[in-house]
>>> print(open('upload-v2.csv').read())   # CSV, C-alpha atoms
chain,number,residue,atom,x,y,z
X,1,MET,CA,-13.2,-43.1,-17.5
X,2,ASN,CA,-12.0,-40.8,-20.3
X,3,ILE,CA,-9.0,-38.6,-19.9
X,4,GLN,CA,-11.0,-35.4,-19.2
X,5,HIS,CA,-12.8,-37.1,-16.3
X,6,PHE,CA,-9.6,-38.6,-15.0
X,7,LEU,CA,-7.8,-35.2,-15.0
X,8,LEU,CA,-10.8,-33.6,-13.2
X,9,PHE,CA,-10.8,-36.4,-10.6
X,10,PHE,CA,-7.0,-36.1,-10.1
X,11,SER,CA,-7.1,-32.3,-9.7
X,12,VAL,CA,-9.9,-32.6,-7.1
X,13,PHE,CA,-7.9,-35.3,-5.3
X,14,LEU,CA,-4.8,-33.1,-5.2
X,15,ALA,CA,-6.8,-30.1,-3.9
X,16,GLY,CA,-8.2,-32.3,-1.1
X,17,CYS,CA,-4.8,-33.5,-0.1
X,18,SER,CA,-3.0,-30.1,-0.3
X,19,LYS,CA,-2.0,-28.4,2.8
X,20,PRO,CA,-4.3,-25.4,3.8
X,21,SER,CA,-2.7,-22.0,3.3
X,22,GLU,CA,-0.9,-20.5,6.3
X,23,LYS,CA,-0.8,-17.1,4.7
X,24,ILE,CA,-2.6,-14.7,6.9
X,25,VAL,CA,-4.7,-11.6,6.0
X,26,VAL,CA,-4.2,-8.4,8.0
X,27,ALA,CA,-7.1,-5.9,7.8
X,28,THR,CA,-5.3,-2.5,8.0
X,29,ALA,CA,-6.6,1.0,8.7
X,30,ALA,CA,-5.8,3.3,5.8
X,31,ASN,CA,-3.5,5.6,7.8
X,32,VAL,CA,-1.3,2.6,8.6
X,33,GLN,CA,-1.0,1.3,5.0
X,34,TYR,CA,2.4,2.7,4.3
X,35,VAL,CA,4.0,1.8,7.6
X,36,MET,CA,2.4,-1.6,7.2
X,37,LYS,CA,4.4,-2.2,4.0
X,38,GLU,CA,7.6,-1.9,5.9
X,39,ILE,CA,6.3,-4.0,8.9
X,40,LYS,CA,5.2,-6.7,6.4
X,41,ALA,CA,8.6,-6.8,4.8
X,42,ALA,CA,10.4,-6.9,8.2
X,43,PHE,CA,8.1,-9.7,9.4
X,44,GLU,CA,8.4,-11.8,6.3
X,45,LYS,CA,12.2,-11.5,6.4
X,46,GLU,CA,12.4,-12.5,10.0
X,47,SER,CA,9.7,-15.2,10.0
X,48,GLY,CA,9.9,-16.6,6.4
X,49,LYS,CA,6.1,-16.4,6.3
X,50,GLU,CA,4.0,-14.3,4.0
X,51,ILE,CA,1.1,-12.0,4.8
X,52,ASP,CA,-1.6,-10.2,2.8
X,53,ILE,CA,-2.7,-6.7,3.6
X,54,VAL,CA,-6.3,-5.4,3.1
X,55,VAL,CA,-6.7,-1.6,3.5
X,56,GLY,CA,-9.8,0.4,4.3
X,57,SER,CA,-11.4,2.7,6.9
X,58,SER,CA,-11.6,1.2,10.4
X,59,GLY,CA,-15.4,1.4,10.3
X,60,LYS,CA,-15.8,-0.4,7.0
X,61,LEU,CA,-13.2,-3.1,7.9
X,62,THR,CA,-15.2,-3.7,11.2
X,63,THR,CA,-18.4,-4.1,9.2
X,64,GLN,CA,-16.6,-6.7,6.9
X,65,ILE,CA,-15.3,-8.5,10.0
X,66,ARG,CA,-18.8,-8.5,11.5
X,67,GLU,CA,-20.1,-10.0,8.2
X,68,GLY,CA,-17.5,-12.8,8.3
X,69,ALA,CA,-14.6,-11.5,6.2
X,70,PRO,CA,-11.7,-14.0,6.6
X,71,PHE,CA,-9.3,-11.6,8.3
X,72,ASP,CA,-6.8,-12.9,10.9
X,73,VAL,CA,-5.5,-9.7,12.5
X,74,PHE,CA,-7.2,-6.2,12.5
X,75,VAL,CA,-4.9,-3.2,12.8
X,76,SER,CA,-7.3,-0.3,13.5
X,77,ALA,CA,-7.0,3.5,13.7
X,78,ASP,CA,-8.6,3.6,17.1
X,79,THR,CA,-9.6,1.4,20.1
X,80,LYS,CA,-13.4,1.7,19.6
X,81,TYR,CA,-13.8,-0.7,16.7
X,82,PRO,CA,-11.5,-3.4,18.0
X,83,GLN,CA,-13.2,-3.1,21.4
X,84,GLU,CA,-16.5,-3.6,19.7
X,85,ILE,CA,-15.3,-6.7,18.0
X,86,PHE,CA,-14.0,-8.1,21.3
X,87,LYS,CA,-17.3,-7.4,23.1
X,88,ASN,CA,-19.2,-9.2,20.3
X,89,GLY,CA,-17.0,-12.3,20.6
X,90,GLY,CA,-14.8,-11.8,17.6
X,91,SER,CA,-11.7,-12.3,19.6
X,92,ALA,CA,-10.6,-14.2,22.7
X,93,GLU,CA,-8.2,-11.4,23.7
X,94,LYS,CA,-8.7,-7.7,24.4
X,95,PRO,CA,-7.2,-5.3,21.8
X,96,LYS,CA,-3.9,-3.6,22.6
X,97,ILE,CA,-2.7,-0.1,21.7
X,98,TYR,CA,0.3,-0.1,19.4
X,99,ALA,CA,0.7,3.6,18.7
X,100,LEU,CA,-0.7,7.1,19.0
X,101,GLY,CA,-1.5,9.0,15.8
X,102,SER,CA,-1.2,12.7,14.9
X,103,VAL,CA,-3.5,14.9,12.8
X,104,VAL,CA,-2.1,17.3,10.1
X,105,LEU,CA,-3.6,20.1,8.0
X,106,TRP,CA,-2.3,19.6,4.5
X,107,SER,CA,-2.4,21.5,1.3
X,108,LYS,CA,-0.9,21.1,-2.2
X,109,ASN,CA,-0.5,24.8,-2.9
X,110,ILE,CA,-0.8,26.9,0.3
X,111,PRO,CA,2.7,27.6,1.6
X,112,GLU,CA,3.6,26.2,5.1
X,113,ALA,CA,4.1,29.8,6.4
X,114,GLU,CA,0.5,30.6,5.6
X,115,LEU,CA,-1.0,27.3,6.5
X,116,ASN,CA,-3.0,27.4,9.7
X,117,ILE,CA,-6.5,26.4,11.0
X,118,ASP,CA,-7.9,29.9,10.6
X,119,ILE,CA,-7.1,30.1,6.9
X,120,LEU,CA,-9.9,27.5,6.3
X,121,THR,CA,-12.4,30.4,6.6
X,122,ASP,CA,-10.7,32.4,3.9
X,123,ASP,CA,-12.7,32.8,0.6
X,124,LYS,CA,-9.8,31.3,-1.4
X,125,VAL,CA,-10.3,28.0,0.4
X,126,LYS,CA,-13.4,26.7,-1.3
X,127,LYS,CA,-13.2,22.9,-0.5
X,128,ILE,CA,-11.7,21.1,2.6
X,129,ALA,CA,-11.1,17.4,2.5
X,130,ILE,CA,-11.8,15.3,5.6
X,131,PRO,CA,-12.0,11.6,6.2
X,132,ASN,CA,-15.6,10.5,6.9
X,133,PRO,CA,-15.9,10.8,10.7
X,134,GLU,CA,-18.6,8.1,10.7
X,135,THR,CA,-16.0,5.4,9.7
X,136,ALA,CA,-12.5,7.1,10.0
X,137,PRO,CA,-11.1,8.1,13.5
X,138,TYR,CA,-9.0,10.8,11.9
X,139,GLY,CA,-12.1,12.4,10.5
X,140,GLU,CA,-13.7,12.4,13.9
X,141,ALA,CA,-10.5,14.0,15.3
X,142,ALA,CA,-10.6,16.7,12.6
X,143,ILE,CA,-14.2,17.6,13.5
X,144,GLN,CA,-13.1,17.9,17.2
X,145,VAL,CA,-10.3,20.3,16.1
X,146,LEU,CA,-12.8,22.5,14.1
X,147,LYS,CA,-15.3,22.6,17.0
X,148,SER,CA,-12.6,23.4,19.6
X,149,LYS,CA,-11.6,26.4,17.5
X,150,ASN,CA,-15.3,27.4,16.9
X,151,LEU,CA,-14.8,27.0,13.1
X,152,PHE,CA,-17.0,24.0,12.3
X,153,GLY,CA,-20.2,26.1,11.7
X,154,LYS,CA,-18.3,28.6,9.5
X,155,ILE,CA,-16.7,26.0,7.2
X,156,GLU,CA,-19.1,23.1,7.3
X,157,LYS,CA,-20.4,23.7,3.8
X,158,LYS,CA,-16.8,23.5,2.4
X,159,LEU,CA,-16.2,20.0,3.7
X,160,VAL,CA,-15.7,17.2,1.2
X,161,PHE,CA,-15.7,13.7,2.8
X,162,GLY,CA,-13.4,11.0,1.7
X,163,GLU,CA,-14.4,7.3,2.3
X,164,SER,CA,-11.0,6.8,4.0
X,165,ILE,CA,-7.9,8.7,4.8
X,166,ALA,CA,-6.4,7.4,1.6
X,167,GLN,CA,-9.1,8.9,-0.6
X,168,THR,CA,-8.8,12.2,1.4
X,169,ALA,CA,-5.1,12.2,0.6
X,170,GLN,CA,-5.9,11.8,-3.1
X,171,TYR,CA,-8.3,14.8,-3.0
X,172,ILE,CA,-5.5,16.9,-1.4
X,173,THR,CA,-2.5,15.9,-3.6
X,174,SER,CA,-4.6,16.2,-6.8
X,175,GLY,CA,-5.4,19.8,-5.9
X,176,ASN,CA,-9.2,19.1,-6.1
X,177,VAL,CA,-9.4,20.7,-2.7
X,178,GLU,CA,-7.4,23.7,-1.3
X,179,ALA,CA,-6.7,21.9,2.0
X,180,GLY,CA,-7.5,18.9,4.1
X,181,PHE,CA,-7.0,16.9,7.3
X,182,ASN,CA,-5.0,13.7,7.3
X,183,ALA,CA,-2.6,11.6,9.3
X,184,LEU,CA,1.0,12.5,9.9
X,185,SER,CA,2.0,9.0,8.9
X,186,ILE,CA,0.6,9.5,5.4
X,187,VAL,CA,2.5,12.8,4.6
X,188,LEU,CA,5.7,11.2,5.9
X,189,SER,CA,5.4,8.1,3.7
X,190,PRO,CA,7.8,7.8,0.7
X,191,GLU,CA,4.8,7.8,-1.6
X,192,MET,CA,3.5,11.1,-0.3
X,193,LYS,CA,6.6,12.9,1.0
X,194,GLY,CA,7.2,16.3,-0.6
X,195,GLN,CA,3.7,16.5,-2.1
X,196,GLY,CA,2.5,19.9,-0.8
X,197,HIS,CA,2.8,21.4,2.6
X,198,TYR,CA,1.5,20.5,6.1
X,199,ILE,CA,1.4,21.5,9.7
X,200,ILE,CA,1.0,19.2,12.7
X,201,LEU,CA,-2.1,20.2,14.7
X,202,ASP,CA,-2.1,20.7,18.4
X,203,SER,CA,-2.9,17.3,20.0
X,204,THR,CA,-4.8,19.0,22.9
X,205,ASP,CA,-7.5,20.0,20.4
X,206,TYR,CA,-8.7,16.4,19.9
X,207,LYS,CA,-9.0,13.2,21.9
X,208,PRO,CA,-5.8,11.1,21.7
X,209,ILE,CA,-5.9,8.8,18.7
X,210,GLU,CA,-5.0,5.5,20.4
X,211,GLN,CA,-4.6,2.9,17.7
X,212,ALA,CA,-5.2,-0.7,18.7
X,213,ALA,CA,-4.9,-4.1,17.0
X,214,ILE,CA,-6.7,-7.3,17.8
X,215,LEU,CA,-6.2,-11.0,17.0
X,216,LEU,CA,-9.3,-12.3,15.4
X,217,ASN,CA,-11.0,-15.6,16.0
X,218,HIS,CA,-11.0,-16.5,12.3
X,219,SER,CA,-7.6,-18.1,12.5
X,220,ALA,CA,-8.0,-19.6,16.0
X,221,GLU,CA,-8.8,-23.1,14.9
X,222,SER,CA,-6.8,-23.2,11.6
X,223,PRO,CA,-3.2,-23.6,10.4
X,224,LYS,CA,-3.0,-19.8,10.4
X,225,LYS,CA,-3.2,-19.6,14.2
X,226,GLU,CA,0.6,-19.7,14.8
X,227,THR,CA,1.4,-17.2,12.1
X,228,SER,CA,-1.4,-14.9,13.2
X,229,GLU,CA,-0.1,-14.9,16.8
X,230,GLN,CA,3.5,-14.4,15.6
X,231,PHE,CA,2.6,-11.4,13.5
X,232,TYR,CA,0.4,-9.9,16.2
X,233,ASN,CA,3.3,-10.1,18.7
X,234,PHE,CA,5.6,-8.7,16.1
X,235,LEU,CA,3.5,-5.5,16.0
X,236,TYR,CA,4.5,-4.8,19.5
X,237,SER,CA,8.2,-5.6,19.1
X,238,GLN,CA,11.1,-3.1,19.1
X,239,LYS,CA,11.6,-3.5,15.4
X,240,ALA,CA,8.0,-2.6,14.7
X,241,LYS,CA,8.0,0.3,17.2
X,242,ALA,CA,11.0,1.8,15.4
X,243,ILE,CA,9.1,1.7,12.1
X,244,PHE,CA,6.0,3.3,13.6
X,245,GLN,CA,8.2,6.1,15.1
X,246,LYS,CA,9.7,6.7,11.6
X,247,TYR,CA,6.2,7.5,10.4
X,248,GLY,CA,5.5,10.0,13.2
X,249,TYR,CA,3.6,7.7,15.5
X,250,LYS,CA,4.2,8.1,19.2
>>> encode(input="upload-v2.csv", output="structure tokens")
Amino acid sequence: MNIQHFLLFFSVFLAGCSKPSEKIVVATAANVQYVMKEIKAAFEKESGKEIDIVVGSSGKLTTQIREGAPFDVFVSADTKYPQEIFKNGGSAEKPKIYALGSVVLWSKNIPEAELNIDILTDDKVKKIAIPNPETAPYGEAAIQVLKSKNLFGKIEKKLVFGESIAQTAQYITSGNVEAGFNALSIVLSPEMKGQGHYIILDSTDYKPIEQAAILLNHSAESPKKETSEQFYNFLYSQKAKAIFQKYGYK
């Protein structure tokens, strides 16, 4: 056996003997991405274990989970998608609500004193950003707000759909649109704080945004099981609750 063959054999041997990774992957709805950075740091400090965060719209993450993505915990922006996963056998436990979200109307240039839902019909507002309601619960809530105010038909042609709440935030903060709908947690994040003006919309104009998480089956029979359960439980701890409240969640 020459040296190249020996090194290849030895590396394969070591890989076979190495301990499987216990690092878990947390699929995270885009509106939770900034708060999740703090929760990740708090959890890793307390537990000594590391986690990876994958961010996307709740609908797209659900599709990836359905197609076998190796996620261990799913932190959604609603209850519908985690419930769907549970019903289809993707988890042994029912999802649990961890927070209630709030919708804001946000603009880079319109002053807060002038910012209101009716201004969207003004000719100076040519484009309005909204998360895709097909995959993003906050987009669905925004449509409910517009319909409750009888404005949807009047401004429908102005709507610009973002793939997620994160992309919608980019449209707003770049000034590519005059106004847009987003999550309170995004505008309160250190990354976005002070970028433009916003108002919190009346929560009676849309269905409560009950955000739930679910422990996925992917880690059930692996070394990740203990860490996955530990992180899932941490989401409902007082430490995590305080972080959620800091970002405007109820």
>>> atom_distance(input="upload-v2.csv", atom1="atom CA of X:Glu140", atom2="atom CA of X:Asn182")
11.0 Å
>>> residues_near_point(input="upload-v2.csv", point="(-4.4, 3.1, 17.9)", cutoff="8 Å", atoms="only C-alpha atoms", output="list in words")
Ser76, Ala77, Asp78, Thr79, Ile97, Tyr98, Ala99, Leu100, Gly101, Ile209, Glu210, Gln211, Ala212 and Ala213 of chain X
>>> write_last_selection(input="upload-v2.csv", atoms="C-alpha atoms", output="tab-separated table (two decimals), in the coordinates of the input")
chain	number	residue	atom	x	y	z
X	76	SER	CA	-7.30	-0.30	13.50
X	77	ALA	CA	-7.00	3.50	13.70
X	78	ASP	CA	-8.60	3.60	17.10
X	79	THR	CA	-9.60	1.40	20.10
X	97	ILE	CA	-2.70	-0.10	21.70
X	98	TYR	CA	0.30	-0.10	19.40
X	99	ALA	CA	0.70	3.60	18.70
X	100	LEU	CA	-0.70	7.10	19.00
X	101	GLY	CA	-1.50	9.00	15.80
X	209	ILE	CA	-5.90	8.80	18.70
X	210	GLU	CA	-5.00	5.50	20.40
X	211	GLN	CA	-4.60	2.90	17.70
X	212	ALA	CA	-5.20	-0.70	18.70
X	213	ALA	CA	-4.90	-4.10	17.00
>>> closest_residue(input="upload-v2.csv", among="X:Ala69, X:Ile24, X:Val187, X:Ile130", to="X:Ile143", atoms="only C-alpha atoms")
X:Ile130
>>> atom_distance(input="upload-v2.csv", atom1="atom CA of X:Ser174", atom2="atom CA of X:Lys108")
7.7 Å
>>> closest_residue(input="upload-v2.csv", among="X:Ala240, X:Ile199, X:Val54, X:Leu215", to="X:Asn116", atoms="only C-alpha atoms")
X:Ile199
>>> closest_residue(input="upload-v2.csv", among="X:Pro82, X:Gly48, X:Pro137, X:Gly68", to="X:Lys94", atoms="all atoms listed in the file")
X:Pro82
>>> residues_around(input="upload-v2.csv", residues="X:Ile172", least_positions_apart="2", cutoff="9 Å", atoms="all atoms listed in the file", output="JSON, numbers by chain")
{"X": [106, 107, 108, 128, 129, 167, 168, 169, 170, 174, 175, 176, 177, 178, 179, 180, 181, 196]}
>>> residues_around(input="upload-v2.csv", residues="X:Ile53", least_positions_apart="5", cutoff="12 Å", atoms="only C-alpha atoms", output="list in words")
Lys23, Ile24, Val25, Val26, Ala27, Thr28, Ala29, Ala30, Val32, Gln33, Tyr34, Val35, Met36, Lys37, Glu38, Ile39, Lys40, Ala41, Leu61, Pro70, Phe71, Asp72, Val73, Phe74 and Val75 of chain X
>>> atom_distance(input="upload-v2.csv", atom1="atom CA of X:Ala242", atom2="atom CA of X:Val55")
21.6 Å
>>> residues_near_point(input="upload-v2.csv", point="(-10.5, 27.9, 20.5)", cutoff="12 Å", atoms="only C-alpha atoms", output="list in words")
Ile117, Asp118, Gln144, Val145, Leu146, Lys147, Ser148, Lys149, Asn150, Leu151, Phe152, Asp202, Thr204, Asp205 and Tyr206 of chain X
>>> decode(input="upload-v2.csv", residues="stretch 85-221 of chain X", atoms="C-alpha atoms", output="PDB file, in the first residue's frame")
ATOM      1  CA  ILE X  85     -46.102  18.939  10.154  1.00  0.00           C
ATOM      2  CA  PHE X  86     -47.507  17.263  13.276  1.00  0.00           C
ATOM      3  CA  LYS X  87     -50.554  15.902  11.425  1.00  0.00           C
ATOM      4  CA  ASN X  88     -48.303  14.449   8.723  1.00  0.00           C
ATOM      5  CA  GLY X  89     -46.178  12.607  11.289  1.00  0.00           C
ATOM      6  CA  GLY X  90     -43.202  14.955  11.322  1.00  0.00           C
ATOM      7  CA  SER X  91     -43.246  15.204  15.117  1.00  0.00           C
ATOM      8  CA  ALA X  92     -44.350  13.091  18.058  1.00  0.00           C
ATOM      9  CA  GLU X  93     -45.442  16.195  19.966  1.00  0.00           C
ATOM     10  CA  LYS X  94     -48.020  18.859  19.162  1.00  0.00           C
ATOM     11  CA  PRO X  95     -46.617  22.347  18.483  1.00  0.00           C
ATOM     12  CA  LYS X  96     -46.697  24.904  21.294  1.00  0.00           C
ATOM     13  CA  ILE X  97     -47.233  28.668  21.044  1.00  0.00           C
ATOM     14  CA  TYR X  98     -44.212  30.665  22.193  1.00  0.00           C
ATOM     15  CA  ALA X  99     -45.339  34.242  21.365  1.00  0.00           C
ATOM     16  CA  LEU X 100     -47.894  36.544  19.735  1.00  0.00           C
ATOM     17  CA  GLY X 101     -46.635  38.796  16.941  1.00  0.00           C
ATOM     18  CA  SER X 102     -47.600  42.354  15.968  1.00  0.00           C
ATOM     19  CA  VAL X 103     -47.852  43.917  12.496  1.00  0.00           C
ATOM     20  CA  VAL X 104     -46.467  47.362  11.666  1.00  0.00           C
ATOM     21  CA  LEU X 105     -46.753  49.778   8.763  1.00  0.00           C
ATOM     22  CA  TRP X 106     -43.225  50.991   8.025  1.00  0.00           C
ATOM     23  CA  SER X 107     -41.731  53.652   5.758  1.00  0.00           C
ATOM     24  CA  LYS X 108     -38.246  54.980   5.171  1.00  0.00           C
ATOM     25  CA  ASN X 109     -39.348  58.527   4.331  1.00  0.00           C
ATOM     26  CA  ILE X 110     -42.954  59.124   5.418  1.00  0.00           C
ATOM     27  CA  PRO X 111     -42.899  60.810   8.884  1.00  0.00           C
ATOM     28  CA  GLU X 112     -44.597  58.966  11.720  1.00  0.00           C
ATOM     29  CA  ALA X 113     -47.136  61.805  12.133  1.00  0.00           C
ATOM     30  CA  GLU X 114     -48.342  61.222   8.570  1.00  0.00           C
ATOM     31  CA  LEU X 115     -48.041  57.443   8.539  1.00  0.00           C
ATOM     32  CA  ASN X 116     -51.414  55.689   8.651  1.00  0.00           C
ATOM     33  CA  ILE X 117     -53.238  52.988   6.744  1.00  0.00           C
ATOM     34  CA  ASP X 118     -55.220  55.480   4.635  1.00  0.00           C
ATOM     35  CA  ILE X 119     -52.091  57.131   3.225  1.00  0.00           C
ATOM     36  CA  LEU X 120     -51.539  53.994   1.139  1.00  0.00           C
ATOM     37  CA  THR X 121     -54.205  55.222  -1.297  1.00  0.00           C
ATOM     38  CA  ASP X 122     -52.337  58.516  -1.850  1.00  0.00           C
ATOM     39  CA  ASP X 123     -50.774  59.015  -5.293  1.00  0.00           C
ATOM     40  CA  LYS X 124     -47.364  59.672  -3.725  1.00  0.00           C
ATOM     41  CA  VAL X 125     -47.351  56.061  -2.475  1.00  0.00           C
ATOM     42  CA  LYS X 126     -46.616  54.122  -5.651  1.00  0.00           C
ATOM     43  CA  LYS X 127     -45.340  50.825  -4.229  1.00  0.00           C
ATOM     44  CA  ILE X 128     -46.229  48.976  -1.011  1.00  0.00           C
ATOM     45  CA  ALA X 129     -44.134  46.030   0.188  1.00  0.00           C
ATOM     46  CA  ILE X 130     -45.810  43.014   1.723  1.00  0.00           C
ATOM     47  CA  PRO X 131     -44.524  39.538   2.621  1.00  0.00           C
ATOM     48  CA  ASN X 132     -45.950  36.873   0.319  1.00  0.00           C
ATOM     49  CA  PRO X 133     -49.234  35.866   2.031  1.00  0.00           C
ATOM     50  CA  GLU X 134     -48.958  32.384   0.497  1.00  0.00           C
ATOM     51  CA  THR X 135     -45.911  31.556   2.604  1.00  0.00           C
ATOM     52  CA  ALA X 136     -45.544  34.323   5.221  1.00  0.00           C
ATOM     53  CA  PRO X 137     -48.149  34.664   8.021  1.00  0.00           C
ATOM     54  CA  TYR X 138     -47.402  38.381   8.410  1.00  0.00           C
ATOM     55  CA  GLY X 139     -48.290  38.884   4.762  1.00  0.00           C
ATOM     56  CA  GLU X 140     -51.587  37.104   5.349  1.00  0.00           C
ATOM     57  CA  ALA X 141     -52.245  39.389   8.333  1.00  0.00           C
ATOM     58  CA  ALA X 142     -51.454  42.474   6.234  1.00  0.00           C
ATOM     59  CA  ILE X 143     -54.041  41.424   3.635  1.00  0.00           C
ATOM     60  CA  GLN X 144     -56.583  41.008   6.445  1.00  0.00           C
ATOM     61  CA  VAL X 145     -55.823  44.568   7.626  1.00  0.00           C
ATOM     62  CA  LEU X 146     -56.323  46.000   4.131  1.00  0.00           C
ATOM     63  CA  LYS X 147     -59.579  44.126   3.638  1.00  0.00           C
ATOM     64  CA  SER X 148     -60.898  45.130   7.060  1.00  0.00           C
ATOM     65  CA  LYS X 149     -60.365  48.793   6.060  1.00  0.00           C
ATOM     66  CA  ASN X 150     -61.848  48.231   2.564  1.00  0.00           C
ATOM     67  CA  LEU X 151     -58.534  49.271   1.016  1.00  0.00           C
ATOM     68  CA  PHE X 152     -57.347  46.085  -0.672  1.00  0.00           C
ATOM     69  CA  GLY X 153     -59.093  46.694  -4.000  1.00  0.00           C
ATOM     70  CA  LYS X 154     -57.890  50.296  -4.100  1.00  0.00           C
ATOM     71  CA  ILE X 155     -54.188  49.563  -3.606  1.00  0.00           C
ATOM     72  CA  GLU X 156     -53.833  45.972  -4.882  1.00  0.00           C
ATOM     73  CA  LYS X 157     -51.885  47.069  -7.990  1.00  0.00           C
ATOM     74  CA  LYS X 158     -49.319  48.847  -5.786  1.00  0.00           C
ATOM     75  CA  LEU X 159     -48.383  45.713  -3.845  1.00  0.00           C
ATOM     76  CA  VAL X 160     -44.850  44.349  -4.186  1.00  0.00           C
ATOM     77  CA  PHE X 161     -44.433  40.885  -2.671  1.00  0.00           C
ATOM     78  CA  GLY X 162     -41.299  39.844  -0.822  1.00  0.00           C
ATOM     79  CA  GLU X 163     -40.367  36.171  -0.529  1.00  0.00           C
ATOM     80  CA  SER X 164     -40.134  36.618   3.223  1.00  0.00           C
ATOM     81  CA  ILE X 165     -40.481  39.314   5.839  1.00  0.00           C
ATOM     82  CA  ALA X 166     -36.702  39.843   5.600  1.00  0.00           C
ATOM     83  CA  GLN X 167     -36.815  40.630   1.886  1.00  0.00           C
ATOM     84  CA  THR X 168     -39.804  42.914   2.492  1.00  0.00           C
ATOM     85  CA  ALA X 169     -37.735  44.798   5.083  1.00  0.00           C
ATOM     86  CA  GLN X 170     -35.001  45.286   2.464  1.00  0.00           C
ATOM     87  CA  TYR X 171     -37.511  46.799   0.046  1.00  0.00           C
ATOM     88  CA  ILE X 172     -38.643  49.258   2.731  1.00  0.00           C
ATOM     89  CA  THR X 173     -35.265  50.294   4.161  1.00  0.00           C
ATOM     90  CA  SER X 174     -33.718  50.706   0.693  1.00  0.00           C
ATOM     91  CA  GLY X 175     -36.473  53.131  -0.285  1.00  0.00           C
ATOM     92  CA  ASN X 176     -37.491  50.979  -3.259  1.00  0.00           C
ATOM     93  CA  VAL X 177     -41.068  51.226  -1.943  1.00  0.00           C
ATOM     94  CA  GLU X 178     -42.762  54.118  -0.177  1.00  0.00           C
ATOM     95  CA  ALA X 179     -44.209  51.934   2.609  1.00  0.00           C
ATOM     96  CA  GLY X 180     -44.674  48.332   3.636  1.00  0.00           C
ATOM     97  CA  PHE X 181     -45.978  45.860   6.178  1.00  0.00           C
ATOM     98  CA  ASN X 182     -43.643  44.047   8.527  1.00  0.00           C
ATOM     99  CA  ALA X 183     -43.222  42.571  11.993  1.00  0.00           C
ATOM    100  CA  LEU X 184     -42.670  44.724  15.070  1.00  0.00           C
ATOM    101  CA  SER X 185     -39.787  42.424  16.018  1.00  0.00           C
ATOM    102  CA  ILE X 186     -37.914  43.409  12.849  1.00  0.00           C
ATOM    103  CA  VAL X 187     -38.153  47.193  13.325  1.00  0.00           C
ATOM    104  CA  LEU X 188     -37.107  46.835  16.980  1.00  0.00           C
ATOM    105  CA  SER X 189     -34.005  44.785  16.158  1.00  0.00           C
ATOM    106  CA  PRO X 190     -30.580  46.454  16.576  1.00  0.00           C
ATOM    107  CA  GLU X 191     -29.962  45.871  12.865  1.00  0.00           C
ATOM    108  CA  MET X 192     -33.080  47.818  11.814  1.00  0.00           C
ATOM    109  CA  LYS X 193     -33.733  50.197  14.715  1.00  0.00           C
ATOM    110  CA  GLY X 194     -33.949  53.823  13.618  1.00  0.00           C
ATOM    111  CA  GLN X 195     -34.268  52.999   9.919  1.00  0.00           C
ATOM    112  CA  GLY X 196     -37.355  54.972   8.958  1.00  0.00           C
ATOM    113  CA  HIS X 197     -40.673  55.343  10.762  1.00  0.00           C
ATOM    114  CA  TYR X 198     -43.389  52.889  11.779  1.00  0.00           C
ATOM    115  CA  ILE X 199     -46.758  52.566  13.471  1.00  0.00           C
ATOM    116  CA  ILE X 200     -48.152  49.471  15.189  1.00  0.00           C
ATOM    117  CA  LEU X 201     -51.407  48.409  13.541  1.00  0.00           C
ATOM    118  CA  ASP X 202     -54.573  47.624  15.481  1.00  0.00           C
ATOM    119  CA  SER X 203     -54.436  43.924  16.360  1.00  0.00           C
ATOM    120  CA  THR X 204     -58.238  43.662  16.088  1.00  0.00           C
ATOM    121  CA  ASP X 205     -57.907  44.156  12.303  1.00  0.00           C
ATOM    122  CA  TYR X 206     -56.215  40.774  11.803  1.00  0.00           C
ATOM    123  CA  LYS X 207     -56.341  37.308  13.287  1.00  0.00           C
ATOM    124  CA  PRO X 208     -53.942  36.866  16.234  1.00  0.00           C
ATOM    125  CA  ILE X 209     -50.506  35.846  14.988  1.00  0.00           C
ATOM    126  CA  GLU X 210     -49.913  32.909  17.299  1.00  0.00           C
ATOM    127  CA  GLN X 211     -46.365  31.740  16.691  1.00  0.00           C
ATOM    128  CA  ALA X 212     -45.563  28.127  17.507  1.00  0.00           C
ATOM    129  CA  ALA X 213     -42.522  25.879  17.565  1.00  0.00           C
ATOM    130  CA  ILE X 214     -42.302  22.143  17.088  1.00  0.00           C
ATOM    131  CA  LEU X 215     -39.707  19.484  17.915  1.00  0.00           C
ATOM    132  CA  LEU X 216     -39.057  17.551  14.711  1.00  0.00           C
ATOM    133  CA  ASN X 217     -38.575  13.824  14.309  1.00  0.00           C
ATOM    134  CA  HIS X 218     -35.244  14.238  12.518  1.00  0.00           C
ATOM    135  CA  SER X 219     -33.278  14.179  15.768  1.00  0.00           C
ATOM    136  CA  ALA X 220     -35.449  11.672  17.611  1.00  0.00           C
ATOM    137  CA  GLU X 221     -33.137   8.693  17.064  1.00  0.00           C
TER     138      GLU X 221
END
